[in-house]
file model13.pdb (PDB, C-alpha atoms)
MODEL        1
ATOM      1  CA  MET A  26      42.498   8.029 -31.319
ATOM      2  CA  ARG A  27      43.289  11.652 -30.497
ATOM      3  CA  ILE A  28      41.053  13.215 -27.852
ATOM      4  CA  ALA A  29      40.649  16.917 -27.109
ATOM      5  CA  LEU A  30      39.368  18.230 -23.774
ATOM      6  CA  ALA A  31      37.671  21.617 -24.056
ATOM      7  CA  GLN A  32      38.712  23.328 -20.834
ATOM      8  CA  MET A  33      36.362  26.336 -20.929
ATOM      9  CA  GLN A  34      35.898  29.569 -19.002
ATOM     10  CA  MET A  35      32.158  30.214 -19.106
ATOM     11  CA  ALA A  36      30.549  33.629 -19.543
ATOM     12  CA  GLU A  37      27.169  34.763 -18.223
ATOM     13  CA  ASP A  38      26.057  35.038 -21.854
ATOM     14  CA  SER A  39      25.131  31.642 -23.307
ATOM     15  CA  ALA A  40      25.748  32.952 -26.843
ATOM     16  CA  ARG A  41      29.395  33.586 -25.966
ATOM     17  CA  ASN A  42      29.689  30.090 -24.521
ATOM     18  CA  LEU A  43      28.252  28.686 -27.721
ATOM     19  CA  ASP A  44      30.773  30.656 -29.790
ATOM     20  CA  THR A  45      33.594  29.312 -27.604
ATOM     21  CA  SER A  46      32.276  25.766 -27.998
ATOM     22  CA  LEU A  47      32.126  26.067 -31.789
ATOM     23  CA  GLU A  48      35.594  27.606 -31.921
ATOM     24  CA  MET A  49      36.977  24.752 -29.825
ATOM     25  CA  ILE A  50      35.395  22.197 -32.144
ATOM     26  CA  ARG A  51      37.152  23.865 -35.079
ATOM     27  CA  ASP A  52      40.449  24.061 -33.180
ATOM     28  CA  ALA A  53      40.206  20.420 -32.111
ATOM     29  CA  LYS A  54      39.704  19.342 -35.707
ATOM     30  CA  ARG A  55      42.696  21.427 -36.846
ATOM     31  CA  ALA A  56      44.733  19.732 -34.112
ATOM     32  CA  GLY A  57      43.816  16.336 -35.543
ATOM     33  CA  ALA A  58      41.425  15.305 -32.792
ATOM     34  CA  ASP A  59      38.893  12.553 -33.432
ATOM     35  CA  LEU A  60      36.676  13.474 -30.455
ATOM     36  CA  ILE A  61      36.204  16.528 -28.247
ATOM     37  CA  LEU A  62      34.894  16.346 -24.668
ATOM     38  CA  PHE A  63      33.248  19.382 -23.050
ATOM     39  CA  PRO A  64      32.783  20.286 -19.349
ATOM     40  CA  GLU A  65      29.535  20.124 -17.423
ATOM     41  CA  VAL A  66      26.708  22.488 -18.552
ATOM     42  CA  GLN A  67      28.983  24.127 -21.088
ATOM     43  CA  LEU A  68      26.547  26.780 -22.347
ATOM     44  CA  SER A  69      25.538  28.180 -18.944
ATOM     45  CA  PRO A  70      27.078  29.833 -15.936
ATOM     46  CA  PHE A  71      27.141  27.369 -13.041
ATOM     47  CA  PHE A  72      23.674  28.287 -11.784
ATOM     48  CA  ALA A  73      23.487  25.326  -9.373
ATOM     49  CA  GLN A  74      25.770  27.203  -6.956
ATOM     50  CA  TYR A  75      22.646  29.134  -5.895
ATOM     51  CA  PRO A  76      19.766  27.307  -4.157
ATOM     52  CA  GLY A  77      16.272  27.389  -5.588
ATOM     53  CA  GLN A  78      16.699  29.793  -8.496
ATOM     54  CA  GLU A  79      14.331  29.884 -11.448
ATOM     55  CA  ARG A  80      15.627  27.216 -13.814
ATOM     56  CA  GLU A  81      13.601  27.589 -16.974
ATOM     57  CA  SER A  82      15.846  30.275 -18.477
ATOM     58  CA  PHE A  83      18.807  27.873 -18.377
ATOM     59  CA  ALA A  84      16.976  24.812 -19.711
ATOM     60  CA  MET A  85      17.220  23.720 -23.348
ATOM     61  CA  THR A  86      15.628  21.112 -25.564
ATOM     62  CA  MET A  87      17.188  19.029 -28.306
ATOM     63  CA  GLU A  88      15.545  21.364 -30.821
ATOM     64  CA  ASP A  89      17.252  24.436 -29.354
ATOM     65  CA  PRO A  90      19.294  26.294 -32.034
ATOM     66  CA  ALA A  91      22.432  26.141 -29.863
ATOM     67  CA  VAL A  92      22.251  22.342 -29.614
ATOM     68  CA  GLN A  93      21.596  22.059 -33.326
ATOM     69  CA  LYS A  94      24.570  24.320 -34.118
ATOM     70  CA  ILE A  95      26.898  22.040 -32.190
ATOM     71  CA  LEU A  96      25.544  18.990 -34.018
ATOM     72  CA  ALA A  97      25.972  20.809 -37.335
ATOM     73  CA  SER A  98      29.540  21.763 -36.414
ATOM     74  CA  CYS A  99      30.390  18.106 -35.755
ATOM     75  CA  ARG A 100      28.978  17.256 -39.159
ATOM     76  CA  ARG A 101      30.812  20.081 -40.912
ATOM     77  CA  GLU A 102      34.153  19.451 -39.200
ATOM     78  CA  LYS A 103      33.759  15.652 -39.295
ATOM     79  CA  ILE A 104      34.567  15.201 -35.613
ATOM     80  CA  TRP A 105      32.944  13.315 -32.740
ATOM     81  CA  ALA A 106      31.909  15.240 -29.630
ATOM     82  CA  ALA A 107      30.554  14.746 -26.120
ATOM     83  CA  PRO A 108      28.807  18.040 -25.249
ATOM     84  CA  ASN A 109      26.940  18.517 -21.964
ATOM     85  CA  PHE A 110      23.674  20.446 -21.718
ATOM     86  CA  TYR A 111      20.959  21.250 -19.194
ATOM     87  CA  LEU A 112      18.033  19.645 -21.011
ATOM     88  CA  ARG A 113      14.296  19.762 -20.394
ATOM     89  CA  GLU A 114      12.445  16.614 -21.460
ATOM     90  CA  ASP A 115       8.852  15.648 -20.638
ATOM     91  CA  GLY A 116       8.648  18.289 -17.924
ATOM     92  CA  LYS A 117      11.840  17.092 -16.205
ATOM     93  CA  TYR A 118      15.290  18.669 -16.164
ATOM     94  CA  PHE A 119      18.485  16.690 -16.694
ATOM     95  CA  ASP A 120      22.236  17.222 -16.655
ATOM     96  CA  THR A 121      22.843  15.426 -19.946
ATOM     97  CA  SER A 122      25.853  14.478 -22.048
ATOM     98  CA  LEU A 123      25.378  13.501 -25.671
ATOM     99  CA  LEU A 124      27.690  11.393 -27.781
ATOM    100  CA  VAL A 125      27.643  12.860 -31.287
ATOM    101  CA  ASP A 126      29.295  11.226 -34.288
ATOM    102  CA  ASP A 127      31.113  12.899 -37.181
ATOM    103  CA  ARG A 128      27.867  13.078 -39.177
ATOM    104  CA  GLY A 129      26.302  15.210 -36.458
ATOM    105  CA  GLU A 130      24.051  12.345 -35.332
ATOM    106  CA  VAL A 131      23.385  11.657 -31.658
ATOM    107  CA  ILE A 132      24.294   8.032 -31.075
ATOM    108  CA  GLY A 133      23.771   8.080 -27.314
ATOM    109  CA  ARG A 134      23.031  10.115 -24.226
ATOM    110  CA  GLN A 135      23.888   9.859 -20.556
ATOM    111  CA  THR A 136      22.132  11.718 -17.745
ATOM    112  CA  MET A 137      23.499  12.310 -14.255
ATOM    113  CA  VAL A 138      22.625   9.404 -11.956
ATOM    114  CA  HIS A 139      23.660  10.739  -8.524
ATOM    115  CA  VAL A 140      22.567  14.333  -7.886
ATOM    116  CA  ALA A 141      24.480  16.359  -5.291
ATOM    117  CA  GLN A 142      23.016  18.679  -2.655
ATOM    118  CA  ALA A 143      25.689  20.649  -0.803
ATOM    119  CA  PRO A 144      26.869  24.258  -0.448
ATOM    120  CA  CYS A 145      27.533  25.674  -3.958
ATOM    121  CA  PHE A 146      26.206  22.426  -5.471
ATOM    122  CA  TYR A 147      22.435  22.706  -4.962
ATOM    123  CA  GLU A 148      21.902  20.354  -7.870
ATOM    124  CA  GLN A 149      18.793  18.663  -6.513
ATOM    125  CA  ASP A 150      17.057  22.025  -6.918
ATOM    126  CA  TYR A 151      17.654  21.751 -10.676
ATOM    127  CA  TYR A 152      18.447  18.218 -11.867
ATOM    128  CA  THR A 153      16.265  15.128 -12.103
ATOM    129  CA  PRO A 154      18.222  11.904 -11.411
ATOM    130  CA  SER A 155      18.624   9.574 -14.363
ATOM    131  CA  GLY A 156      15.840   7.075 -14.855
ATOM    132  CA  ASP A 157      17.849   4.674 -17.009
ATOM    133  CA  GLY A 158      21.257   4.370 -15.326
ATOM    134  CA  PHE A 159      24.604   4.001 -17.052
ATOM    135  CA  HIS A 160      25.366   3.327 -20.710
ATOM    136  CA  VAL A 161      28.289   2.381 -22.936
ATOM    137  CA  PHE A 162      28.314   3.181 -26.644
ATOM    138  CA  GLU A 163      29.933   1.327 -29.544
ATOM    139  CA  THR A 164      32.121   3.571 -31.734
ATOM    140  CA  PRO A 165      34.806   3.033 -34.390
ATOM    141  CA  PHE A 166      37.425   3.893 -31.741
ATOM    142  CA  GLY A 167      36.205   1.484 -29.077
ATOM    143  CA  LYS A 168      33.494   1.406 -26.432
ATOM    144  CA  ILE A 169      32.847   4.784 -24.807
ATOM    145  CA  GLY A 170      31.155   5.420 -21.465
ATOM    146  CA  ILE A 171      30.232   8.756 -19.869
ATOM    147  CA  VAL A 172      30.146   9.490 -16.141
ATOM    148  CA  ILE A 173      28.927  12.998 -15.287
ATOM    149  CA  CYS A 174      30.724  15.039 -12.600
ATOM    150  CA  PHE A 175      29.369  13.973  -9.168
ATOM    151  CA  ASP A 176      28.781  10.420 -10.433
ATOM    152  CA  ARG A 177      32.535   9.793 -10.501
ATOM    153  CA  HIS A 178      32.697  10.029  -6.687
ATOM    154  CA  TYR A 179      30.796   6.725  -6.564
ATOM    155  CA  PRO A 180      33.123   3.867  -7.539
ATOM    156  CA  GLU A 181      30.082   1.930  -8.775
ATOM    157  CA  SER A 182      29.689   4.405 -11.653
ATOM    158  CA  ILE A 183      32.996   3.828 -13.423
ATOM    159  CA  ARG A 184      33.032   0.167 -12.357
ATOM    160  CA  THR A 185      29.588  -0.398 -13.909
ATOM    161  CA  GLU A 186      30.617   1.085 -17.252
ATOM    162  CA  ALA A 187      33.904  -0.837 -17.196
ATOM    163  CA  LEU A 188      31.949  -4.058 -16.650
ATOM    164  CA  MET A 189      29.829  -3.054 -19.643
ATOM    165  CA  GLY A 190      33.055  -3.038 -21.663
ATOM    166  CA  ALA A 191      34.002   0.655 -21.744
ATOM    167  CA  ASP A 192      37.503   1.263 -23.104
ATOM    168  CA  ILE A 193      37.355   4.914 -22.076
ATOM    169  CA  ILE A 194      35.214   6.858 -19.601
ATOM    170  CA  LEU A 195      34.474  10.490 -20.463
ATOM    171  CA  ILE A 196      33.861  12.751 -17.446
ATOM    172  CA  PRO A 197      32.434  16.263 -17.901
ATOM    173  CA  THR A 198      32.862  18.096 -14.614
ATOM    174  CA  ALA A 199      32.876  21.320 -12.585
ATOM    175  CA  ASN A 200      35.723  21.048 -10.052
ATOM    176  CA  THR A 201      36.636  24.062  -7.926
ATOM    177  CA  THR A 202      39.720  25.314  -6.108
ATOM    178  CA  ALA A 203      37.831  24.926  -2.808
ATOM    179  CA  GLU A 204      37.976  21.161  -3.184
ATOM    180  CA  PRO A 205      41.035  18.872  -2.785
ATOM    181  CA  GLU A 206      43.032  19.338  -5.986
ATOM    182  CA  GLU A 207      45.270  16.272  -5.718
ATOM    183  CA  MET A 208      42.306  14.052  -4.897
ATOM    184  CA  PHE A 209      40.600  14.893  -8.189
ATOM    185  CA  GLN A 210      43.577  13.609 -10.117
ATOM    186  CA  TRP A 211      44.162  10.522  -8.005
ATOM    187  CA  GLU A 212      40.484   9.659  -7.844
ATOM    188  CA  ILE A 213      40.398   9.277 -11.620
ATOM    189  CA  ARG A 214      43.811   7.649 -11.943
ATOM    190  CA  VAL A 215      43.069   5.030  -9.296
ATOM    191  CA  GLN A 216      39.682   4.165 -10.803
ATOM    192  CA  ALA A 217      41.216   3.880 -14.267
ATOM    193  CA  PHE A 218      43.814   1.474 -12.834
ATOM    194  CA  GLN A 219      41.298  -0.564 -10.848
ATOM    195  CA  ASN A 220      39.029  -0.942 -13.885
ATOM    196  CA  SER A 221      41.679  -1.174 -16.643
ATOM    197  CA  THR A 222      40.164   1.653 -18.625
ATOM    198  CA  PHE A 223      41.195   5.018 -20.024
ATOM    199  CA  ALA A 224      39.560   8.056 -18.430
ATOM    200  CA  ALA A 225      39.324  11.679 -19.550
ATOM    201  CA  MET A 226      37.944  14.506 -17.400
ATOM    202  CA  ALA A 227      37.164  17.970 -18.833
ATOM    203  CA  ASN A 228      36.725  20.802 -16.334
ATOM    204  CA  ARG A 229      35.565  24.395 -16.326
ATOM    205  CA  THR A 230      38.017  27.145 -15.409
ATOM    206  CA  GLY A 231      37.773  30.717 -14.133
ATOM    207  CA  LYS A 232      35.675  32.495 -11.499
ATOM    208  CA  GLU A 233      31.867  32.375 -11.544
ATOM    209  CA  GLY A 234      30.063  34.013  -8.655
ATOM    210  CA  GLU A 235      31.415  32.527  -5.434
ATOM    211  CA  MET A 236      33.182  29.644  -7.195
ATOM    212  CA  THR A 237      36.582  29.425  -8.886
ATOM    213  CA  PHE A 238      36.923  26.454 -11.203
ATOM    214  CA  ASP A 239      40.210  24.640 -11.228
ATOM    215  CA  GLY A 240      40.926  23.679 -14.830
ATOM    216  CA  LEU A 241      43.527  20.898 -14.594
ATOM    217  CA  SER A 242      41.609  18.678 -17.017
ATOM    218  CA  LEU A 243      43.282  15.314 -17.416
ATOM    219  CA  VAL A 244      43.598  12.091 -19.363
ATOM    220  CA  CYS A 245      44.906   8.885 -17.826
ATOM    221  CA  GLY A 246      45.545   5.360 -19.031
ATOM    222  CA  PRO A 247      44.521   1.883 -17.861
ATOM    223  CA  ASP A 248      47.590   1.593 -15.636
ATOM    224  CA  GLY A 249      46.602   4.816 -13.890
ATOM    225  CA  GLU A 250      49.336   6.740 -15.685
ATOM    226  CA  LEU A 251      48.813  10.462 -16.327
ATOM    227  CA  LEU A 252      48.830  11.078 -20.089
ATOM    228  CA  ALA A 253      47.828  14.754 -20.204
ATOM    229  CA  LEU A 254      47.132  17.492 -17.670
ATOM    230  CA  GLY A 255      45.732  20.938 -18.383
ATOM    231  CA  SER A 256      46.699  24.289 -16.905
ATOM    232  CA  ARG A 257      44.297  26.623 -15.078
ATOM    233  CA  GLU A 258      43.585  28.609 -18.247
ATOM    234  CA  GLN A 259      41.090  28.091 -21.051
ATOM    235  CA  GLU A 260      42.675  25.679 -23.525
ATOM    236  CA  LEU A 261      42.393  22.461 -25.479
ATOM    237  CA  VAL A 262      44.120  19.533 -23.796
ATOM    238  CA  LEU A 263      45.166  16.851 -26.303
ATOM    239  CA  ALA A 264      46.152  13.214 -25.883
ATOM    240  CA  ASP A 265      46.772  10.299 -28.250
ATOM    241  CA  LEU A 266      45.256   7.025 -27.058
ATOM    242  CA  ASP A 267      45.347   3.403 -28.183
ATOM    243  CA  LEU A 268      42.041   2.203 -26.747
ATOM    244  CA  ASP A 269      42.928  -1.418 -27.502
ATOM    245  CA  ARG A 270      45.237  -1.213 -24.502
ATOM    246  CA  ALA A 271      42.240  -1.259 -22.170
ATOM    247  CA  GLY A 272      41.157  -4.703 -23.345
ATOM    248  CA  GLN A 273      44.739  -5.946 -23.365
ATOM    249  CA  ARG A 274      45.241  -4.847 -19.775
ATOM    250  CA  ARG A 275      42.001  -6.557 -18.657
ATOM    251  CA  ARG A 276      43.227  -9.814 -20.143
ATOM    252  CA  GLN A 277      46.662  -9.465 -18.543
ATOM    253  CA  LYS A 278      45.356  -8.362 -15.141
ATOM    254  CA  PRO A 279      41.787  -9.640 -14.821
ATOM    255  CA  TYR A 280      40.844  -7.676 -11.704
ATOM    256  CA  THR A 281      37.151  -7.496 -12.521
ATOM    257  CA  ASP A 282      36.921 -11.161 -13.559
ATOM    258  CA  LEU A 283      38.345 -12.272 -10.212
ATOM    259  CA  ARG A 284      35.802 -10.440  -8.087
ATOM    260  CA  ARG A 285      33.966 -12.503  -5.461
ATOM    261  CA  ARG A 286      30.582 -10.906  -5.630
ATOM    262  CA  GLU A 287      29.040 -13.242  -3.067
ATOM    263  CA  TRP A 288      30.833 -11.206  -0.379
ATOM    264  CA  TYR A 289      29.819  -7.741  -1.530
ATOM    265  CA  TRP A 290      26.955  -5.566  -0.394
TER     266      TRP A 290
ENDMDL
END
call {"tool": "encode", "arguments": {"input": "model13.pdb", "output": "structure tokens"}}
result
Amino acid sequence: MRIALAQMQMAEDSARNLDTSLEMIRDAKRAGADLILFPEVQLSPFFAQYPGQERESFAMTMEDPAVQKILASCRREKIWAAPNFYLREDGKYFDTSLLVDDRGEVIGRQTMVHVAQAPCFYEQDYYTPSGDGFHVFETPFGKIGIVICFDRHYPESIRTEALMGADIILIPTANTTAEPEEMFQWEIRVQAFQNSTFAAMANRTGKEGEMTFDGLSLVCGPDGELLALGSREQELVLADLDLDRAGQRRRQKPYTDLRRREWYW
């Protein structure tokens, strides 16, 4: 499996972000990618850096033309994708990743479970926490899980999806230069090692308001090894993965099977 990470610099104009997303889908296909992963809220500026703003102008529905264009692009290019949108459903607002197959069909969705509330991340003003927890999706490549941005800081998130059989965890995110750069890399590498799973994290890049996003998107393997690392510029980050290695490593080093859950909180 070849994965592409769409490391994007977002504009204020959602139409420009859509054009960039569609261009990256085309470029990923030309590069031989089977799946493309996008950063968090890829069609919007990072509005959650401001507390209590009006949110309706940023919200979308599944019927929105921009969402439908991305699904159609997957169908046309015959590529899988994991886009991330700010979706309104039943009067609630969710940070949502879709898993879209190469026919343009949505085969699964994951909403953010843990919602941050901190300076520049006033996400509780905008996002509703997930009501259905974590999911893992069967694909021709292997089992795919998605952990959205802040969720990855909780070891239970990646561990839960690994226990559900995920061979790879996809992580759309919005990491900034104000946060500990090395920790972002090691946080993902250590969790991949501890759970014998691949992990791929796609980040935003560039300055938006008071925030500067880091780029440095990455892919790591089930031994915690770094397989690909992006720059700080807008780009596609590519990596070739043998997802069978995740299952092989779990059989060789059965960390999760040897847990003694009677001693855990």
call {"tool": "resolve_selection", "arguments": {"input": "model13.pdb", "expression": "the PyMOL selection byres ((chain A and resi 193-208) around 9)", "output": "CSV table (one decimal) with C-alpha atoms, in the coordinates of the input"}}
result
chain,number,residue,atom,x,y,z
A,62,LEU,CA,34.9,16.3,-24.7
A,63,PHE,CA,33.2,19.4,-23.0
A,64,PRO,CA,32.8,20.3,-19.3
A,65,GLU,CA,29.5,20.1,-17.4
A,66,VAL,CA,26.7,22.5,-18.6
A,71,PHE,CA,27.1,27.4,-13.0
A,107,ALA,CA,30.6,14.7,-26.1
A,108,PRO,CA,28.8,18.0,-25.2
A,109,ASN,CA,26.9,18.5,-22.0
A,122,SER,CA,25.9,14.5,-22.0
A,161,VAL,CA,28.3,2.4,-22.9
A,167,GLY,CA,36.2,1.5,-29.1
A,168,LYS,CA,33.5,1.4,-26.4
A,169,ILE,CA,32.8,4.8,-24.8
A,170,GLY,CA,31.2,5.4,-21.5
A,171,ILE,CA,30.2,8.8,-19.9
A,172,VAL,CA,30.1,9.5,-16.1
A,173,ILE,CA,28.9,13.0,-15.3
A,174,CYS,CA,30.7,15.0,-12.6
A,175,PHE,CA,29.4,14.0,-9.2
A,176,ASP,CA,28.8,10.4,-10.4
A,177,ARG,CA,32.5,9.8,-10.5
A,183,ILE,CA,33.0,3.8,-13.4
A,186,GLU,CA,30.6,1.1,-17.3
A,187,ALA,CA,33.9,-0.8,-17.2
A,191,ALA,CA,34.0,0.7,-21.7
A,192,ASP,CA,37.5,1.3,-23.1
A,209,PHE,CA,40.6,14.9,-8.2
A,210,GLN,CA,43.6,13.6,-10.1
A,211,TRP,CA,44.2,10.5,-8.0
A,212,GLU,CA,40.5,9.7,-7.8
A,213,ILE,CA,40.4,9.3,-11.6
A,217,ALA,CA,41.2,3.9,-14.3
A,222,THR,CA,40.2,1.7,-18.6
A,223,PHE,CA,41.2,5.0,-20.0
A,224,ALA,CA,39.6,8.1,-18.4
A,225,ALA,CA,39.3,11.7,-19.6
A,226,MET,CA,37.9,14.5,-17.4
A,227,ALA,CA,37.2,18.0,-18.8
A,228,ASN,CA,36.7,20.8,-16.3
A,229,ARG,CA,35.6,24.4,-16.3
A,230,THR,CA,38.0,27.1,-15.4
A,236,MET,CA,33.2,29.6,-7.2
A,237,THR,CA,36.6,29.4,-8.9
A,238,PHE,CA,36.9,26.5,-11.2
A,239,ASP,CA,40.2,24.6,-11.2
A,240,GLY,CA,40.9,23.7,-14.8
A,241,LEU,CA,43.5,20.9,-14.6
A,246,GLY,CA,45.5,5.4,-19.0
A,247,PRO,CA,44.5,1.9,-17.9
A,268,LEU,CA,42.0,2.2,-26.7
A,271,ALA,CA,42.2,-1.3,-22.2
call {"tool": "atom_distance", "arguments": {"input": "model13.pdb", "atom1": "atom CA of Leu124 of chain A", "atom2": "atom CA of Met189 of chain A"}}
result
16.7 Å
call {"tool": "residues_near_point", "arguments": {"input": "model13.pdb", "point": "(39.8, -8.9, -18.5)", "cutoff": "12 Å", "atoms": "only C-alpha atoms", "output": "ChimeraX atom specification"}}
result
/A:187-192,219-222,247,270-284
call {"tool": "residues_around", "arguments": {"input": "model13.pdb", "residues": "segment 26-31 of chain A", "least_positions_apart": "6", "cutoff": "6 Å", "atoms": "all atoms listed in the file", "output": "PyMOL selection string"}}
result
chain A and resi 58-63+227+261-266
call {"tool": "closest_residue", "arguments": {"input": "model13.pdb", "among": "A:Asp150, A:Glu181, A:Asp52, A:Glu130", "to": "Gly77 of chain A", "atoms": "only C-alpha atoms"}}
result
A:Asp150
call {"tool": "atom_distance", "arguments": {"input": "model13.pdb", "atom1": "atom CA of Val92 of chain A", "atom2": "atom CA of Thr153 of chain A"}}
result
19.9 Å
call {"tool": "resolve_selection", "arguments": {"input": "model13.pdb", "expression": "the PyMOL selection byres ((chain A and resi 110-114) around 8)", "output": "compact mmCIF listing (two decimals) with C-alpha atoms, in the coordinates of the input"}}
result
# COMPACT_ATOMS: atom_id res chain seq x y z
CA GLU A 65 29.54 20.12 -17.42
CA VAL A 66 26.71 22.49 -18.55
CA GLN A 67 28.98 24.13 -21.09
CA LEU A 68 26.55 26.78 -22.35
CA PHE A 83 18.81 27.87 -18.38
CA ALA A 84 16.98 24.81 -19.71
CA MET A 85 17.22 23.72 -23.35
CA THR A 86 15.63 21.11 -25.56
CA MET A 87 17.19 19.03 -28.31
CA PRO A 108 28.81 18.04 -25.25
CA ASN A 109 26.94 18.52 -21.96
CA ASP A 115 8.85 15.65 -20.64
CA GLY A 116 8.65 18.29 -17.92
CA LYS A 117 11.84 17.09 -16.20
CA TYR A 118 15.29 18.67 -16.16
CA PHE A 119 18.48 16.69 -16.69
CA ASP A 120 22.24 17.22 -16.66
CA THR A 121 22.84 15.43 -19.95
CA SER A 122 25.85 14.48 -22.05
call {"tool": "resolve_selection", "arguments": {"input": "model13.pdb", "expression": "the PyMOL selection byres ((chain A and resi 100) around 12)", "output": "list of chain:residue names"}}
result
A:Leu47, A:Ile50, A:Arg51, A:Lys54, A:Gln93, A:Lys94, A:Ile95, A:Leu96, A:Ala97, A:Ser98, A:Cys99, A:Arg101, A:Glu102, A:Lys103, A:Ile104, A:Trp105, A:Ala106, A:Val125, A:Asp126, A:Asp127, A:Arg128, A:Gly129, A:Glu130, A:Val131
call {"tool": "write_last_selection", "arguments": {"input": "model13.pdb", "atoms": "C-alpha atoms", "output": "compact mmCIF listing (two decimals), keeping the file's coordinate frame"}}
result
# COMPACT_ATOMS: atom_id res chain seq x y z
CA LEU A 47 32.13 26.07 -31.79
CA ILE A 50 35.40 22.20 -32.14
CA ARG A 51 37.15 23.86 -35.08
CA LYS A 54 39.70 19.34 -35.71
CA GLN A 93 21.60 22.06 -33.33
CA LYS A 94 24.57 24.32 -34.12
CA ILE A 95 26.90 22.04 -32.19
CA LEU A 96 25.54 18.99 -34.02
CA ALA A 97 25.97 20.81 -37.34
CA SER A 98 29.54 21.76 -36.41
CA CYS A 99 30.39 18.11 -35.76
CA ARG A 101 30.81 20.08 -40.91
CA GLU A 102 34.15 19.45 -39.20
CA LYS A 103 33.76 15.65 -39.30
CA ILE A 104 34.57 15.20 -35.61
CA TRP A 105 32.94 13.32 -32.74
CA ALA A 106 31.91 15.24 -29.63
CA VAL A 125 27.64 12.86 -31.29
CA ASP A 126 29.30 11.23 -34.29
CA ASP A 127 31.11 12.90 -37.18
CA ARG A 128 27.87 13.08 -39.18
CA GLY A 129 26.30 15.21 -36.46
CA GLU A 130 24.05 12.34 -35.33
CA VAL A 131 23.38 11.66 -31.66
